[in-house]
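Engineer: Data file target_34.cif (mmCIF, C-alpha atoms) is appended below.
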data_my_file
#
loop_
_atom_site.label_atom_id
_atom_site.label_comp_id
_atom_site.auth_asym_id
_atom_site.auth_seq_id
_atom_site.Cartn_x
_atom_site.Cartn_y
_atom_site.Cartn_z
CA MET A 16 26.68 -31.33 -23.46
CA LYS A 17 23.29 -32.98 -22.82
CA SER A 18 24.35 -33.67 -19.27
CA GLU A 19 25.31 -30.02 -18.73
CA LEU A 20 22.00 -28.87 -20.19
CA ARG A 21 20.09 -31.28 -17.94
CA SER A 22 22.00 -30.05 -14.89
CA SER A 23 21.33 -26.47 -15.83
CA ILE A 24 17.60 -27.14 -16.21
CA LEU A 25 17.49 -28.99 -12.90
CA VAL A 26 19.23 -26.09 -11.12
CA SER A 27 16.81 -23.61 -12.70
CA VAL A 28 13.78 -25.66 -11.71
CA ALA A 29 15.09 -25.99 -8.15
CA ALA A 30 15.71 -22.26 -7.94
CA LEU A 31 12.24 -21.46 -9.26
CA THR A 32 10.68 -23.94 -6.83
CA SER A 33 12.59 -22.36 -3.99
CA ILE A 34 11.40 -18.88 -4.96
CA LEU A 35 7.82 -20.11 -5.31
CA ILE A 36 7.91 -21.72 -1.87
CA SER A 37 9.33 -18.51 -0.37
CA VAL A 38 6.62 -16.40 -1.97
CA LEU A 39 3.85 -18.76 -0.90
CA THR A 40 5.24 -18.95 2.62
CA ALA A 41 5.44 -15.16 2.88
CA TYR A 42 1.88 -14.91 1.58
CA ALA A 43 0.69 -17.48 4.10
CA VAL A 44 2.41 -15.61 6.93
CA ALA A 45 0.82 -12.35 5.82
CA GLU A 46 -2.60 -13.95 5.84
CA THR A 47 -2.32 -15.43 9.33
CA ALA A 48 -1.93 -14.00 12.79
CA SER A 49 1.47 -12.68 13.85
CA TYR A 50 1.57 -15.33 16.54
CA THR A 51 -0.84 -17.04 18.87
CA LEU A 52 -1.60 -15.87 22.36
CA ALA A 53 -0.71 -17.99 25.35
CA ALA A 54 -3.74 -19.49 27.09
CA PRO A 55 -4.43 -18.36 30.68
CA GLU A 56 -3.73 -21.92 31.90
CA SER A 57 -0.15 -21.66 30.72
CA PHE A 58 0.45 -19.06 33.42
CA SER A 59 -0.68 -21.35 36.24
CA SER A 60 2.91 -22.26 37.07
CA ILE A 61 3.41 -18.72 38.39
CA GLY A 62 2.59 -19.20 42.04
CA ASP A 63 2.42 -15.55 43.06
CA ILE A 64 -1.04 -14.39 41.97
CA ASN A 65 0.09 -10.79 41.56
CA LYS A 66 2.93 -11.80 39.29
CA ARG A 67 0.61 -14.13 37.40
CA SER A 68 -1.92 -11.33 36.91
CA ALA A 69 0.80 -8.98 35.67
CA ALA A 70 2.09 -11.67 33.31
CA LEU A 71 -1.40 -12.19 31.92
CA PHE A 72 -1.68 -8.49 31.14
CA THR A 73 1.76 -8.45 29.54
CA GLU A 74 0.58 -11.19 27.19
CA LEU A 75 -2.61 -9.26 26.49
CA GLY A 76 -0.40 -6.23 25.91
CA SER A 77 0.89 -7.78 22.71
CA VAL A 78 -2.62 -7.23 21.36
CA LEU A 79 -3.12 -3.77 22.83
CA THR A 80 0.18 -2.47 21.46
CA ASN A 81 -0.41 -3.99 18.03
CA PRO A 82 -0.83 -1.47 15.17
CA ARG A 83 -4.36 -2.78 14.61
CA CYS A 84 -5.29 -1.34 18.00
CA VAL A 85 -2.89 1.57 18.50
CA ASN A 86 -3.54 3.13 15.09
CA CYS A 87 -7.02 4.11 16.25
CA HIS A 88 -6.00 4.77 19.86
CA PRO A 89 -3.64 7.63 18.90
CA ALA A 90 -2.11 10.13 21.29
CA GLY A 91 -3.24 13.05 19.14
CA ASP A 92 -6.08 13.92 16.84
CA ARG A 93 -4.88 12.02 13.78
CA PRO A 94 -5.17 8.26 13.36
CA ARG A 95 -2.38 6.19 11.96
CA GLN A 96 -2.56 3.44 9.40
CA GLY A 97 -0.80 0.31 8.21
CA ASP A 98 1.62 -2.01 9.89
CA LEU A 99 4.16 0.83 10.08
CA SER A 100 1.65 3.13 11.78
CA ARG A 101 2.17 6.01 9.41
CA LEU A 102 -0.05 9.07 9.77
CA HIS A 103 -3.36 8.49 8.00
CA GLN A 104 -3.63 9.72 4.44
CA PRO A 105 -5.70 11.54 3.38
CA PRO A 106 -5.25 13.83 6.37
CA VAL A 107 -8.18 13.11 8.62
CA TYR A 108 -8.82 14.36 12.12
CA ARG A 109 -10.62 13.13 15.19
CA GLY A 110 -13.47 15.64 15.12
CA PRO A 111 -15.77 16.35 18.04
CA ASP A 112 -17.18 12.82 18.30
CA GLY A 113 -14.24 10.69 17.13
CA PHE A 114 -15.86 10.05 13.75
CA GLY A 115 -13.87 12.71 11.90
CA LEU A 116 -14.53 16.28 10.89
CA GLU A 117 -17.82 17.21 9.30
CA THR A 118 -16.20 17.34 5.89
CA MET A 119 -14.56 13.92 6.10
CA ARG A 120 -16.25 11.35 8.31
CA CYS A 121 -14.62 7.98 8.93
CA PRO A 122 -17.54 5.81 7.72
CA VAL A 123 -17.61 7.58 4.34
CA CYS A 124 -14.65 5.43 3.29
CA HIS A 125 -14.64 2.80 6.03
CA GLN A 126 -17.91 1.06 5.38
CA SER A 127 -19.47 -1.91 7.13
CA ALA A 128 -16.96 -4.46 5.79
CA ASN A 129 -13.49 -4.60 4.27
CA PHE A 130 -13.57 -3.82 0.54
CA GLU A 131 -10.66 -5.70 -0.97
CA PRO A 132 -10.74 -4.23 -4.51
CA GLY A 133 -10.04 -0.84 -2.95
CA ARG A 134 -7.89 -2.31 -0.14
CA MET A 135 -10.16 -0.39 2.19
CA PRO A 136 -10.61 -1.67 5.73
CA GLY A 137 -14.14 -1.47 7.03
CA ARG A 138 -16.36 -2.33 9.98
CA SER A 139 -19.51 -0.58 11.19
CA GLN A 140 -19.06 2.36 13.56
CA TRP A 141 -15.48 2.99 12.38
CA HIS A 142 -14.08 5.73 14.60
CA LEU A 143 -11.25 6.74 16.89
CA ALA A 144 -11.04 5.87 20.54
CA PRO A 145 -11.45 9.00 22.71
CA LEU A 146 -8.29 10.99 23.30
CA GLU A 147 -8.12 9.96 26.97
CA MET A 148 -7.94 6.36 25.75
CA GLY A 149 -4.90 7.00 23.57
CA TRP A 150 -2.24 4.27 23.86
CA GLU A 151 0.24 5.50 21.30
CA GLY A 152 3.74 5.79 22.76
CA LYS A 153 2.77 4.26 26.10
CA THR A 154 4.35 1.27 27.83
CA ILE A 155 2.29 -1.80 28.64
CA ARG A 156 2.29 -0.76 32.29
CA GLU A 157 1.02 2.72 31.41
CA ILE A 158 -1.69 1.23 29.23
CA CYS A 159 -2.63 -1.10 32.08
CA MET A 160 -2.98 1.77 34.55
CA GLN A 161 -4.99 3.69 32.00
CA ILE A 162 -7.28 0.86 31.01
CA LYS A 163 -8.27 0.28 34.66
CA ASP A 164 -9.09 3.93 35.23
CA PRO A 165 -12.78 4.64 34.47
CA ALA A 166 -11.87 8.27 33.85
CA ARG A 167 -9.64 7.13 30.99
CA ASN A 168 -11.37 3.99 29.74
CA GLY A 169 -14.76 5.33 28.76
CA GLY A 170 -16.27 4.78 32.21
CA ARG A 171 -15.92 1.01 31.98
CA SER A 172 -15.74 -1.43 34.86
CA LEU A 173 -13.27 -4.31 34.69
CA GLU A 174 -16.12 -6.60 33.61
CA ASP A 175 -17.00 -4.11 30.89
CA LEU A 176 -13.42 -4.31 29.65
CA ILE A 177 -13.65 -8.07 29.22
CA HIS A 178 -16.84 -7.56 27.25
CA HIS A 179 -15.29 -4.75 25.18
CA ILE A 180 -12.19 -6.75 24.27
CA GLY A 181 -14.08 -10.00 23.78
CA THR A 182 -17.22 -9.03 21.91
CA ASP A 183 -16.99 -5.49 20.54
CA ASN A 184 -17.56 -5.63 16.79
CA LEU A 185 -15.06 -2.89 15.91
CA VAL A 186 -12.41 -4.38 18.21
CA GLY A 187 -13.00 -7.69 16.45
CA TRP A 188 -11.85 -6.17 13.16
CA ALA A 189 -8.28 -6.30 14.54
CA TRP A 190 -8.28 -10.04 13.87
CA ALA A 191 -9.82 -9.76 10.40
CA PRO A 192 -8.16 -6.67 8.93
CA GLY A 193 -8.12 -7.77 5.30
CA SER A 194 -5.18 -8.39 3.03
CA GLY A 195 -1.98 -6.41 3.43
CA ARG A 196 -2.40 -5.90 7.17
CA GLN A 197 -1.10 -8.18 9.89
CA PRO A 198 -3.92 -9.27 12.21
CA ALA A 199 -3.57 -8.77 15.95
CA PRO A 200 -2.01 -11.77 17.71
CA GLY A 201 -4.20 -14.77 18.48
CA THR A 202 -7.95 -14.46 18.31
CA GLN A 203 -10.51 -12.18 19.91
CA LYS A 204 -11.68 -15.12 22.02
CA GLU A 205 -8.14 -15.77 23.25
CA ALA A 206 -7.67 -12.08 24.08
CA SER A 207 -10.96 -12.11 25.96
CA ALA A 208 -9.85 -15.16 27.96
CA LEU A 209 -6.63 -13.38 28.92
CA ALA A 210 -8.53 -10.25 29.94
CA GLU A 211 -10.91 -12.31 32.04
CA ALA A 212 -8.07 -14.21 33.72
CA TRP A 213 -6.28 -10.90 34.40
CA VAL A 214 -9.38 -9.44 36.05
CA ASN A 215 -9.99 -12.62 38.05
CA THR A 216 -6.44 -12.52 39.40
CA GLY A 217 -6.78 -8.97 40.68
CA ALA A 218 -6.07 -6.93 37.54
CA VAL A 219 -2.49 -6.26 38.60
CA CYS A 220 -0.36 -4.13 36.32
CA PRO A 221 3.10 -5.27 35.21
CA MET B 10 -24.06 -10.01 -7.90
CA THR B 11 -26.16 -7.51 -6.00
CA THR B 12 -29.03 -5.37 -7.18
CA LEU B 13 -28.26 -1.68 -7.37
CA ALA B 14 -30.66 1.23 -7.83
CA LEU B 15 -29.70 4.83 -7.25
CA THR B 16 -30.24 8.37 -8.42
CA ILE B 17 -27.46 10.24 -10.19
CA ASN B 18 -27.90 13.93 -10.91
CA GLY B 19 -31.64 13.57 -10.47
CA ARG B 20 -31.99 10.65 -12.84
CA ALA B 21 -32.86 7.13 -11.66
CA TYR B 22 -30.54 4.26 -12.59
CA GLY B 23 -31.39 0.58 -12.11
CA PRO B 24 -32.37 -1.68 -10.59
CA MET B 25 -29.53 -3.61 -12.15
CA ASP B 26 -27.25 -6.43 -11.07
CA VAL B 27 -23.65 -5.44 -10.41
CA ARG B 28 -20.65 -7.35 -9.15
CA ASP B 29 -19.97 -6.93 -5.44
CA GLU B 30 -16.35 -6.04 -6.17
CA LEU B 31 -17.23 -3.28 -8.64
CA THR B 32 -16.02 0.07 -7.33
CA MET B 33 -18.31 3.06 -7.54
CA ASN B 34 -15.71 4.79 -9.68
CA ASP B 35 -15.81 2.02 -12.28
CA PHE B 36 -19.59 2.00 -12.10
CA LEU B 37 -19.80 5.71 -12.89
CA ARG B 38 -17.13 5.72 -15.57
CA GLU B 39 -17.58 2.33 -17.23
CA VAL B 40 -21.22 1.40 -16.65
CA VAL B 41 -23.00 4.75 -16.63
CA GLY B 42 -20.48 6.60 -18.79
CA LEU B 43 -20.09 9.61 -16.51
CA THR B 44 -16.37 10.14 -16.91
CA GLY B 45 -16.30 13.52 -15.20
CA THR B 46 -15.59 11.67 -11.99
CA LYS B 47 -11.88 10.97 -12.17
CA PHE B 48 -9.73 8.05 -11.06
CA GLY B 49 -6.59 9.38 -9.41
CA CYS B 50 -4.65 7.59 -6.72
CA GLY B 51 -7.05 4.69 -6.28
CA ALA B 52 -6.51 4.84 -2.54
CA ALA B 53 -8.85 7.62 -1.37
CA GLN B 54 -5.88 9.91 -0.89
CA CYS B 55 -6.36 12.51 -3.63
CA LEU B 56 -10.17 12.74 -3.73
CA SER B 57 -10.31 13.55 -7.43
CA CYS B 58 -12.94 10.81 -7.50
CA ALA B 59 -15.19 12.43 -4.87
CA VAL B 60 -18.91 12.76 -5.55
CA ILE B 61 -21.73 14.33 -3.54
CA VAL B 62 -24.16 12.15 -1.61
CA ASP B 63 -27.47 13.82 -0.73
CA ARG B 64 -29.06 12.64 2.48
CA PRO B 65 -32.87 12.37 2.59
CA GLU B 66 -33.04 15.07 5.27
CA GLY B 67 -31.46 17.61 2.96
CA THR B 68 -27.80 17.66 3.96
CA SER B 69 -24.96 16.43 1.79
CA TYR B 70 -21.44 15.11 2.04
CA THR B 71 -18.70 14.05 -0.34
CA THR B 72 -17.26 10.59 -0.63
CA PRO B 73 -14.44 9.07 -2.65
CA THR B 74 -15.58 6.47 -5.15
CA CYS B 75 -12.35 4.62 -5.91
CA VAL B 76 -12.26 2.57 -2.71
CA VAL B 77 -15.96 2.09 -2.12
CA SER B 78 -18.13 -0.55 -3.72
CA ALA B 79 -20.95 0.50 -6.01
CA VAL B 80 -23.46 -1.56 -4.05
CA ASN B 81 -22.86 0.68 -1.03
CA PHE B 82 -24.66 3.39 -2.96
CA ASN B 83 -27.85 1.39 -3.34
CA GLY B 84 -30.85 3.61 -2.66
CA LYS B 85 -28.77 6.76 -2.47
CA ALA B 86 -28.94 10.00 -4.42
CA ILE B 87 -25.63 11.37 -5.65
CA ARG B 88 -24.38 14.27 -7.71
CA THR B 89 -21.35 14.24 -9.98
CA VAL B 90 -19.56 17.08 -11.71
CA GLU B 91 -21.93 16.64 -14.67
CA GLY B 92 -24.88 17.56 -12.47
CA HIS B 93 -23.88 21.10 -11.49
CA ALA B 94 -24.60 23.21 -14.56
CA GLN B 95 -28.25 23.44 -15.57
CA ASP B 96 -29.16 23.83 -19.23
CA GLY B 97 -25.59 24.78 -20.00
CA GLU B 98 -25.54 27.55 -17.38
CA LEU B 99 -22.61 27.21 -15.03
CA THR B 100 -23.19 27.59 -11.30
CA VAL B 101 -21.83 30.56 -9.40
CA LEU B 102 -19.06 28.36 -8.03
CA GLN B 103 -18.13 27.01 -11.46
CA LYS B 104 -17.94 30.56 -12.79
CA SER B 105 -15.73 31.51 -9.87
CA PHE B 106 -13.43 28.58 -10.66
CA VAL B 107 -13.16 29.84 -14.24
CA GLU B 108 -12.61 33.46 -13.21
CA HIS B 109 -9.84 32.49 -10.81
CA PHE B 110 -8.36 30.04 -13.28
CA ALA B 111 -8.49 27.72 -10.29
CA PHE B 112 -7.47 24.71 -12.33
CA GLN B 113 -4.66 23.95 -14.71
CA CYS B 114 -4.82 20.35 -15.87
CA GLY B 115 -8.29 20.07 -14.36
CA TYR B 116 -7.99 16.52 -13.15
CA CYS B 117 -8.72 17.35 -9.53
CA THR B 118 -11.39 19.95 -10.36
CA PRO B 119 -14.48 17.69 -10.09
CA GLY B 120 -13.50 16.77 -6.53
CA PHE B 121 -12.81 20.36 -5.52
CA LEU B 122 -16.02 21.54 -7.18
CA ASN B 123 -18.14 18.95 -5.38
CA GLU B 124 -16.48 19.75 -2.06
CA GLY B 125 -16.92 23.49 -2.57
CA GLN B 126 -20.57 23.04 -3.52
CA VAL B 127 -21.27 20.99 -0.40
CA LEU B 128 -19.60 23.68 1.68
CA LEU B 129 -21.73 26.43 0.11
CA GLU B 130 -24.91 24.47 0.77
CA ARG B 131 -23.86 23.82 4.36
CA LEU B 132 -23.04 27.45 5.00
CA ALA B 133 -26.39 28.50 3.52
CA LYS B 134 -28.02 26.43 6.26
CA ARG B 135 -25.49 27.09 9.00
CA PRO B 136 -23.53 30.29 8.37
CA VAL B 137 -20.21 30.93 10.08
CA ALA B 138 -18.61 34.13 11.32
CA ARG B 139 -16.24 35.90 8.94
CA ALA B 140 -13.40 35.17 11.33
CA GLU B 141 -14.08 31.45 10.94
CA LEU B 142 -14.35 31.50 7.17
CA GLU B 143 -10.73 30.90 6.13
CA ARG B 144 -10.38 27.96 8.48
CA THR B 145 -13.76 26.57 7.41
CA ILE B 146 -12.80 26.63 3.73
CA ALA B 147 -9.36 25.17 4.40
CA GLU B 148 -10.90 22.42 6.47
CA ALA B 149 -13.45 21.61 3.77
CA LEU B 150 -10.91 21.47 0.92
CA ASP B 151 -8.30 19.66 3.01
CA GLY B 152 -7.54 16.24 1.61
CA HIS B 153 -8.08 17.20 -2.02
CA LEU B 154 -4.77 17.02 -3.82
CA CYS B 155 -3.85 19.22 -6.79
CA ARG B 156 -0.56 18.35 -8.44
CA CYS B 157 -0.62 21.69 -10.29
CA THR B 158 -0.71 23.26 -6.79
CA GLY B 159 -3.81 25.32 -7.41
CA TYR B 160 -4.78 25.27 -3.76
CA VAL B 161 -4.76 29.04 -3.20
CA LYS B 162 -6.83 29.68 -6.30
CA TYR B 163 -9.38 27.05 -5.35
CA HIS B 164 -9.55 28.54 -1.86
CA GLU B 165 -10.00 32.05 -3.21
CA ALA B 166 -12.61 30.94 -5.72
CA VAL B 167 -14.75 29.43 -2.99
CA ARG B 168 -14.15 32.34 -0.63
CA ASP B 169 -15.14 34.96 -3.19
CA VAL B 170 -18.48 33.26 -3.83
CA ILE B 171 -19.15 33.42 -0.09
CA LEU B 172 -18.00 36.99 0.33
CA ALA B 173 -20.09 38.07 -2.63
CA ASP B 174 -23.21 36.94 -0.79
CA PRO B 175 -22.38 37.41 2.91
CA HIS B 176 -26.00 37.57 4.08
CA ARG B 177 -26.44 34.06 2.80
CA TYR B 178 -23.26 32.38 3.97
CA LEU B 179 -21.97 34.38 6.93
CA ILE B 180 -23.29 35.23 10.34
CA TRP B 181 -24.23 38.82 9.77
CA ARG B 182 -24.32 41.34 12.56
CA THR B 183 -25.23 44.99 12.27
CA PRO B 184 -22.28 47.08 13.48
CA ARG B 185 -22.82 48.61 16.89
CA GLY B 186 -24.12 52.16 17.08
CA ARG B 187 -26.28 51.92 13.98
#
Write out the structure in this file as structure tokens.

Structural biologist:
Amino acid sequence: MKSELRSSILVSVAALTSILISVLTAYAVAETASYTLAAPESFSSIGDINKRSAALFTELGSVLTNPRCVNCHPAGDRPRQGDLSRLHQPPVYRGPDGFGLETMRCPVCHQSANFEPGRMPGRSQWHLAPLEMGWEGKTIREICMQIKDPARNGGRSLEDLIHHIGTDNLVGWAWAPGSGRQPAPGTQKEASALAEAWVNTGAVCP
Amino acid sequence: MTTLALTINGRAYGPMDVRDELTMNDFLREVVGLTGTKFGCGAAQCLSCAVIVDRPEGTSYTTPTCVVSAVNFNGKAIRTVEGHAQDGELTVLQKSFVEHFAFQCGYCTPGFLNEGQVLLERLAKRPVARAELERTIAEALDGHLCRCTGYVKYHEAVRDVILADPHRYLIWRTPRGR
């Protein structure tokens, strides 16, 4: 009887330990990046520079198509939110300057930093990308063509794009989105390195 | 802890030390004791917790308080539902809410009232054409949730205040030929 009780306790402890490990692992995954980005050097085995450039953008595309980026680069006038990219609630709209309508401006809720007690993401100058810079529903190739076009990228040169991806404060939020949101892959520095390598290899689209 | 000083309904509060993680809603309800500001969804989706923030230049806007830290209001002047009536006399908008029976349970009313008041003050400075009025009101009240579904009554209550004083809130043109 004692032996059976001991076995039962051991099984229970093992099961609880297993559950605890699963929970902690899931929590750890949620708190870290989805996956790392490949370094530009890892593409050096691709001899054809055009193919290498396209491959670099495809890797960068895993950032650009991430919900952290696409949610505020919508195809319409309403942003999306969360890892499932649901329409933003409460119902907010782009407004004339991308900062929302007069009655509900983005920075009213989205302040200069994430506010964890309210699970509210925040970074200064929180706003939508202009409509012509919408990426929602586009392929990586379409985004590539768009991002190179000054008429659809905010009048930026290729060098400006490296700067925008690598140092823009609001873009940087994608890698520090607060709890409950998966960060964009890799780091902002790694994304910047990919963008720079893509530009230096001719900015070819996949 | 961060030092907080602000003005609520014309009265100065602080400076006082508050926890960085204290929400503005908890500050109003638990620290100051102004429970007219409600806590609804806790996710800025119902706006029953909205208060008015008055900018120094004389314009105002509403903000939810449930997802914003209290320290973000340092140095600001805000109005809550308790600040509308003066000496027990309801405002024109409050009276209109009562006349239209715009609320049932009343939980969302402070948010709607603050939003409506901000709209009236905006229109007094920048009137709109009558043809734009319905859209303007709908746009202003959009986002405020009422589980008793009093939306039409709220809309009508705000609209009737405006229509009762068109020279103040609407772009007024003398009909041609007069």

Engineer: Here is a test: counting only C-alpha atoms, which residue of B:Val90, B:Leu43, B:Ala79, B:Ala173 is nearest to Met25 (chain B)?

Structural biologist: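 Result for the nearest residue to Met25 (chain B): B:Ala79.
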
Engineer: How would you write, as an mmCIF file with C-alpha atoms, in the coordinates of the input, the residues chosen by the PyMOL selection byres ((chain A) within 6 of (chain B)) on this structure?

Structural biologist:
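This went into out-v5.cif:
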data_model
loop_
_atom_site.group_PDB
_atom_site.id
_atom_site.type_symbol
_atom_site.label_atom_id
_atom_site.label_comp_id
_atom_site.auth_asym_id
_atom_site.auth_seq_id
_atom_site.Cartn_x
_atom_site.Cartn_y
_atom_site.Cartn_z
ATOM 1 C CA GLN A 104 -3.630 9.720 4.440
ATOM 2 C CA PRO A 105 -5.700 11.540 3.380
ATOM 3 C CA PRO A 106 -5.250 13.830 6.370
ATOM 4 C CA THR A 118 -16.200 17.340 5.890
ATOM 5 C CA VAL A 123 -17.610 7.580 4.340
ATOM 6 C CA GLY A 133 -10.040 -0.840 -2.950
#

Engineer: So the first atom is CA of Glu141 (chain B) and the second is CA of Val167 (chain B); what is the distance between them in Å, to one decimal place?

Structural biologist: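 According to the coordinates, CA of Glu141 (chain B) and CA of Val167 (chain B) are separated by 14.1 Å.
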
Engineer: I need the residue set behind the PyMOL selection byres ((chain A and resi 91) around 9) for this file; please write it as a compact mmCIF listing (two decimals) with C-alpha atoms, keeping the file's coordinate frame.

Structural biologist:
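Below is the file out11.txt, written as the result:
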# COMPACT_ATOMS: atom_id res chain seq x y z
CA HIS A 88 -6.00 4.77 19.86
CA PRO A 89 -3.64 7.63 18.90
CA ALA A 90 -2.11 10.13 21.29
CA ASP A 92 -6.08 13.92 16.84
CA ARG A 93 -4.88 12.02 13.78
CA PRO A 94 -5.17 8.26 13.36
CA ARG A 109 -10.62 13.13 15.19
CA LEU A 146 -8.29 10.99 23.30
CA GLY A 149 -4.90 7.00 23.57
CA GLU A 151 0.24 5.50 21.30

Engineer: Please, what distance in Å, to one decimal, runs between CA of Gly67 (chain B) and CA of Lys134 (chain B)?

Structural biologist: 10.0 Å

Engineer: Pick out the closest residue to Thr51 (chain A) from this set: A:Gln161, A:Ser77, A:Ser207, A:Ser172. Count all atoms listed in the file.

Structural biologist: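 The shortest atom-to-atom distance to Thr51 (chain A) comes from A:Ser77.
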
Engineer: For Leu15 (chain B), list every protein, DNA or RNA residue within 8 Å, evaluated using all atoms listed in the file, and leave out those in the same chain fewer than 4 positions away; present the list as a list in words.

Structural biologist: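 Contacts, in chain order: Ala21, Tyr22, Gly23, Pro24, Phe82, Asn83, Gly84, Lys85, Ala86 and Ile87 of chain B.
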
Engineer: Run through the PyMOL selection byres ((chain A and resi 205) around 9) on the given coordinates and return the selected residues as an mmCIF file with C-alpha atoms, in the coordinates of the input.

Structural biologist:
data_model
loop_
_atom_site.group_PDB
_atom_site.id
_atom_site.type_symbol
_atom_site.label_atom_id
_atom_site.label_comp_id
_atom_site.auth_asym_id
_atom_site.auth_seq_id
_atom_site.Cartn_x
_atom_site.Cartn_y
_atom_site.Cartn_z
ATOM 1 C CA THR A 51 -0.840 -17.040 18.870
ATOM 2 C CA LEU A 52 -1.600 -15.870 22.360
ATOM 3 C CA ALA A 53 -0.710 -17.990 25.350
ATOM 4 C CA ALA A 54 -3.740 -19.490 27.090
ATOM 5 C CA PRO A 55 -4.430 -18.360 30.680
ATOM 6 C CA GLY A 181 -14.080 -10.000 23.780
ATOM 7 C CA GLY A 201 -4.200 -14.770 18.480
ATOM 8 C CA THR A 202 -7.950 -14.460 18.310
ATOM 9 C CA GLN A 203 -10.510 -12.180 19.910
ATOM 10 C CA LYS A 204 -11.680 -15.120 22.020
ATOM 11 C CA ALA A 206 -7.670 -12.080 24.080
ATOM 12 C CA SER A 207 -10.960 -12.110 25.960
ATOM 13 C CA ALA A 208 -9.850 -15.160 27.960
ATOM 14 C CA LEU A 209 -6.630 -13.380 28.920
ATOM 15 C CA ALA A 210 -8.530 -10.250 29.940
#

Engineer: Can you tell me, as a list in words, what residues are no more than 10 Å from region 100-108 of chain B when counting all atoms listed in the file, ignoring any on the same chain fewer than 4 positions away?

Structural biologist: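 Listed by chain and then number, they are His93, Ala94, Gln95, Phe112, Thr118, Phe121, Leu122, Asn123, Gly125, Gln126, Leu129, Lys162, Tyr163, His164, Glu165, Ala166, Val167, Arg168, Asp169, Val170 and Ile171 of chain B.
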
Engineer: What is the distance, in Å and to one decimal place, between CA of Ala69 (chain A) and CA of Pro165 (chain A)?

Structural biologist: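 Separating CA of Ala69 (chain A) from CA of Pro165 (chain A) is a distance of 19.3 Å.
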
Engineer: For Ile180 (chain B), list every protein, DNA or RNA residue within 12 Å, evaluated using only C-alpha atoms, and leave out those in the same chain fewer than 4 positions away; present the list as a PDB file with C-alpha atoms, keeping the file's coordinate frame.

Structural biologist:
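Printed below is result_3.pdb as written:
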ATOM      1  CA  LEU B 132     -23.040  27.450   5.000  1.00  0.00           C
ATOM      2  CA  ALA B 133     -26.390  28.500   3.520  1.00  0.00           C
ATOM      3  CA  LYS B 134     -28.020  26.430   6.260  1.00  0.00           C
ATOM      4  CA  ARG B 135     -25.490  27.090   9.000  1.00  0.00           C
ATOM      5  CA  PRO B 136     -23.530  30.290   8.370  1.00  0.00           C
ATOM      6  CA  VAL B 137     -20.210  30.930  10.080  1.00  0.00           C
ATOM      7  CA  ALA B 138     -18.610  34.130  11.320  1.00  0.00           C
ATOM      8  CA  ARG B 139     -16.240  35.900   8.940  1.00  0.00           C
ATOM      9  CA  ALA B 140     -13.400  35.170  11.330  1.00  0.00           C
ATOM     10  CA  GLU B 141     -14.080  31.450  10.940  1.00  0.00           C
ATOM     11  CA  LEU B 142     -14.350  31.500   7.170  1.00  0.00           C
ATOM     12  CA  ILE B 171     -19.150  33.420  -0.090  1.00  0.00           C
ATOM     13  CA  LEU B 172     -18.000  36.990   0.330  1.00  0.00           C
ATOM     14  CA  ASP B 174     -23.210  36.940  -0.790  1.00  0.00           C
ATOM     15  CA  PRO B 175     -22.380  37.410   2.910  1.00  0.00           C
ATOM     16  CA  HIS B 176     -26.000  37.570   4.080  1.00  0.00           C
TER      17      HIS B 176
END

Engineer: So that I can check the surroundings of region 185-190 of chain A, please list as a count of residues only every protein, DNA and RNA residue that reaches within 10 Å of it, counting only C-alpha atoms and ignoring chain neighbours fewer than 2 positions away.

Structural biologist: 33
